file run-v4.txt (compact mmCIF, C-alpha atoms)
# COMPACT_ATOMS: atom_id res chain seq x y z
CA MET H 1 56.52 72.18 32.16
CA ARG H 2 54.53 72.39 28.92
CA GLN H 3 53.90 68.61 29.14
CA ALA H 4 52.55 68.96 32.70
CA GLN H 5 50.13 71.67 31.59
CA LEU H 6 48.90 69.58 28.65
CA LEU H 7 48.49 66.55 30.91
CA CYS H 8 46.57 68.66 33.45
CA ALA H 9 44.29 70.07 30.69
CA ALA H 10 43.66 66.58 29.28
CA LEU H 11 42.75 65.23 32.73
CA THR H 12 40.44 68.19 33.37
CA ILE H 13 38.65 67.64 30.05
CA GLY H 14 38.37 63.90 30.76
CA VAL H 15 36.95 64.45 34.24
CA ALA H 16 34.49 67.06 32.91
CA ALA H 17 33.35 64.64 30.19
CA ALA H 18 32.87 61.89 32.79
CA VAL H 19 30.83 64.21 35.04
CA VAL H 20 28.59 65.34 32.15
CA SER H 21 28.15 61.71 31.09
CA ALA H 22 27.18 60.69 34.63
CA LEU H 23 24.62 63.52 34.87
CA THR H 24 22.91 62.63 31.59
CA PRO H 25 19.73 60.67 32.43
CA LEU H 26 19.57 57.14 31.14
CA PRO H 27 16.53 56.11 29.10
CA VAL H 28 13.83 54.63 31.32
CA ALA H 29 12.24 51.35 30.28
CA ASP H 30 8.46 51.33 29.88
CA TRP H 31 7.53 48.84 32.63
CA ARG H 32 3.96 47.70 32.98
CA TYR H 33 2.64 45.25 35.56
CA ALA H 34 -0.13 42.81 34.76
CA VAL H 35 -1.53 40.02 36.95
CA ARG H 36 -1.46 36.71 35.14
CA VAL H 37 -2.47 33.45 36.72
CA SER H 38 -0.89 30.78 34.58
CA GLY H 39 1.79 28.22 34.78
CA ILE H 40 2.51 24.59 34.23
CA PRO H 41 -0.45 22.24 33.71
CA VAL H 42 -1.43 20.37 36.88
CA SER H 43 -3.95 17.53 37.13
CA ASP H 44 -5.68 15.90 40.07
CA SER H 45 -5.35 12.19 40.87
CA SER H 46 -7.98 11.26 38.25
CA GLY H 47 -6.22 13.22 35.49
CA ARG H 48 -8.58 16.22 35.40
CA PRO H 49 -6.78 19.55 34.90
CA MET H 50 -6.78 21.88 37.91
CA TYR H 51 -7.47 25.57 37.38
CA ALA H 52 -4.97 27.90 39.12
CA PRO H 53 -3.40 25.22 41.36
CA PHE H 54 -0.75 27.64 42.65
CA LEU H 55 -3.11 30.42 43.67
CA GLY H 56 -1.70 30.12 47.16
CA GLY H 57 -2.84 28.90 50.52
CA PHE H 58 -5.11 30.57 53.00
CA ASP H 59 -4.22 31.56 56.54
CA VAL H 60 -7.52 32.63 58.10
CA PRO H 61 -10.16 32.36 55.35
CA ARG H 62 -13.69 33.61 55.87
CA PRO H 63 -15.77 32.03 53.07
CA GLN H 64 -19.37 32.39 51.95
CA LEU H 65 -21.31 30.75 49.12
CA VAL H 66 -23.89 32.91 47.34
CA ASP H 67 -25.33 32.97 43.80
CA ILE H 68 -24.09 36.47 42.94
CA ASN H 69 -24.82 36.35 39.20
CA GLY H 70 -28.23 34.63 39.16
CA ASP H 71 -27.11 31.58 37.17
CA GLY H 72 -28.36 29.09 39.78
CA SER H 73 -24.84 28.09 40.93
CA LEU H 74 -23.37 29.12 44.27
CA ASP H 75 -20.31 31.32 43.78
CA LEU H 76 -17.54 31.48 46.37
CA PHE H 77 -16.36 34.60 48.19
CA VAL H 78 -13.35 34.39 50.50
CA GLN H 79 -11.84 37.04 52.71
CA GLU H 80 -8.22 36.42 53.60
CA ARG H 81 -6.91 39.98 53.94
CA PRO H 82 -8.59 42.92 55.69
CA GLY H 83 -10.71 45.02 53.36
CA GLU H 84 -10.57 42.60 50.41
CA MET H 85 -12.95 39.91 49.23
CA MET H 86 -11.87 37.32 46.61
CA PHE H 87 -14.47 36.12 44.11
CA PHE H 88 -14.53 32.65 42.52
CA GLU H 89 -17.35 32.05 40.04
CA ARG H 90 -18.83 28.56 39.78
CA VAL H 91 -18.63 27.53 36.12
CA GLY H 92 -19.80 23.98 35.50
CA GLU H 93 -17.86 21.78 37.91
CA THR H 94 -15.00 24.22 38.57
CA TRP H 95 -14.37 27.42 40.49
CA GLN H 96 -12.99 30.19 38.26
CA TRP H 97 -11.03 32.95 40.00
CA ARG H 98 -12.42 36.33 38.96
CA SER H 99 -11.06 38.94 41.38
CA ASP H 100 -8.89 39.44 44.46
CA HIS H 101 -10.85 42.56 45.45
CA PHE H 102 -14.49 42.17 44.36
CA GLN H 103 -15.87 45.49 43.06
CA SER H 104 -13.12 47.24 45.11
CA LEU H 105 -15.39 47.08 48.16
CA ASN H 106 -13.63 47.83 51.45
CA ILE H 107 -15.25 45.30 53.77
CA GLY H 108 -13.08 45.64 56.88
CA ASP H 109 -12.42 42.35 58.69
CA TRP H 110 -15.67 40.53 57.91
CA PHE H 111 -18.59 40.34 55.47
CA ARG H 112 -21.89 38.53 55.07
CA PHE H 113 -24.24 38.43 52.06
CA VAL H 114 -27.98 38.52 52.88
CA ASP H 115 -31.10 39.82 51.12
CA ILE H 116 -32.06 42.60 53.53
CA ASP H 117 -34.80 44.23 51.46
CA GLY H 118 -36.62 41.18 50.05
CA ASP H 119 -35.90 41.96 46.39
CA ARG H 120 -34.28 38.53 45.80
CA ASP H 121 -30.73 39.84 45.19
CA ALA H 122 -27.82 39.62 47.61
CA ASP H 123 -27.09 42.70 49.71
CA LEU H 124 -24.00 42.88 51.91
CA PHE H 125 -23.10 43.54 55.53
CA SER H 126 -19.48 44.34 56.36
CA GLU H 127 -17.32 46.02 58.96
CA MET H 128 -16.40 49.69 58.78
CA LEU H 129 -12.92 50.82 59.84
CA THR H 130 -14.44 52.11 63.08
CA GLY H 131 -15.83 48.65 63.93
CA TYR H 132 -19.42 49.62 63.09
CA ILE H 133 -21.55 47.66 60.61
CA ARG H 134 -21.77 48.95 57.05
CA VAL H 135 -24.73 47.96 54.85
CA TRP H 136 -24.18 47.69 51.09
CA ARG H 137 -27.43 47.65 49.11
CA ASN H 138 -27.36 45.82 45.79
CA GLU H 139 -28.71 48.46 43.43
CA GLY H 140 -27.88 46.34 40.41
CA THR H 141 -29.80 43.26 39.38
CA VAL H 142 -29.84 39.60 40.33
CA THR H 143 -27.50 38.90 37.39
CA LEU H 144 -25.34 42.05 37.54
CA PRO H 145 -24.84 43.27 41.12
CA ARG H 146 -23.75 46.81 41.98
CA PHE H 147 -23.18 47.50 45.66
CA VAL H 148 -23.74 50.97 47.10
CA ALA H 149 -22.98 51.80 50.72
CA LEU H 150 -25.96 53.08 52.68
CA GLY H 151 -25.49 56.15 54.90
CA ASP H 152 -23.65 55.87 58.18
call {"tool": "encode", "arguments": {"input": "run-v4.txt", "output": "structure tokens"}}
result
Amino acid sequence: MRQAQLLCAALTIGVAAAVVSALTPLPVADWRYAVRVSGIPVSDSSGRPMYAPFLGGFDVPRPQLVDINGDGSLDLFVQERPGEMMFFERVGETWQWRSDHFQSLNIGDWFRFVDIDGDRDADLFSEMLTGYIRVWRNEGTVTLPRFVALGD
């Protein structure tokens, strides 16, 4: 009988220790996410290196060329997803990816750059979520744009 009581006490202590151990939080790793576009080197048929060859394909791209930074080269803007506009800067003979969501502007399902006020910098038309047109005035400069939505 004494052995049964000792065995029961030992099992109770073991189960209690297992429960306490299971309830003790485990240390959480410090995870941080960063977008990095890199990979294996890829060259075109003439041997020139290709920048970001695995950026991905497009399904329904809506592109526009506009010199957004005043350097005399046409930069490329592409909308593939609603509300987001990708920006590729023309640097020499290549397109350099700069952003998947240019200036965090929510442009709905379409956009179009145009100088609406004659100040020689690109302003922007886009869709609002309601389907109306939103006008973004470039209140920056020709070389450093800053888009501000005009009133509804």
call {"tool": "atom_distance", "arguments": {"input": "run-v4.txt", "atom1": "CA of Leu76 (chain H)", "atom2": "CA of Val148 (chain H)"}}
result
20.5 Å
call {"tool": "atom_distance", "arguments": {"input": "run-v4.txt", "atom1": "CA of His101 (chain H)", "atom2": "CA of Val66 (chain H)"}}
result
16.3 Å
call {"tool": "closest_atom_pairs", "arguments": {"input": "run-v4.txt", "of": "region 25-100 of chain H", "to": "region 125-145 of chain H", "cutoff": "8 Å", "atoms": "only C-alpha atoms", "output": "tab-separated table"}}
result
residue	atom	partner	partner_atom	distance
H:Ile68	CA	H:Thr143	CA	7.0
H:Asn69	CA	H:Thr143	CA	4.1
H:Gly70	CA	H:Thr143	CA	4.7
H:Asp71	CA	H:Thr143	CA	7.3
call {"tool": "atom_distance", "arguments": {"input": "run-v4.txt", "atom1": "CA of Gly92 (chain H)", "atom2": "CA of Ala122 (chain H)"}}
result
21.3 Å
call {"tool": "closest_residue", "arguments": {"input": "run-v4.txt", "among": "H:Phe77, H:Asp117, H:Ser104, H:Thr94", "to": "Met50 (chain H)", "atoms": "all atoms listed in the file"}}
result
H:Thr94
call {"tool": "closest_residue", "arguments": {"input": "run-v4.txt", "among": "H:Asp59, H:Asp67, H:Arg81, H:Phe87", "to": "Asp115 (chain H)", "atoms": "all atoms listed in the file"}}
result
H:Asp67
call {"tool": "closest_residue", "arguments": {"input": "run-v4.txt", "among": "H:Ile40, H:Leu150, H:Met85, H:Val78", "to": "Asn106 (chain H)", "atoms": "all atoms listed in the file"}}
result
H:Met85
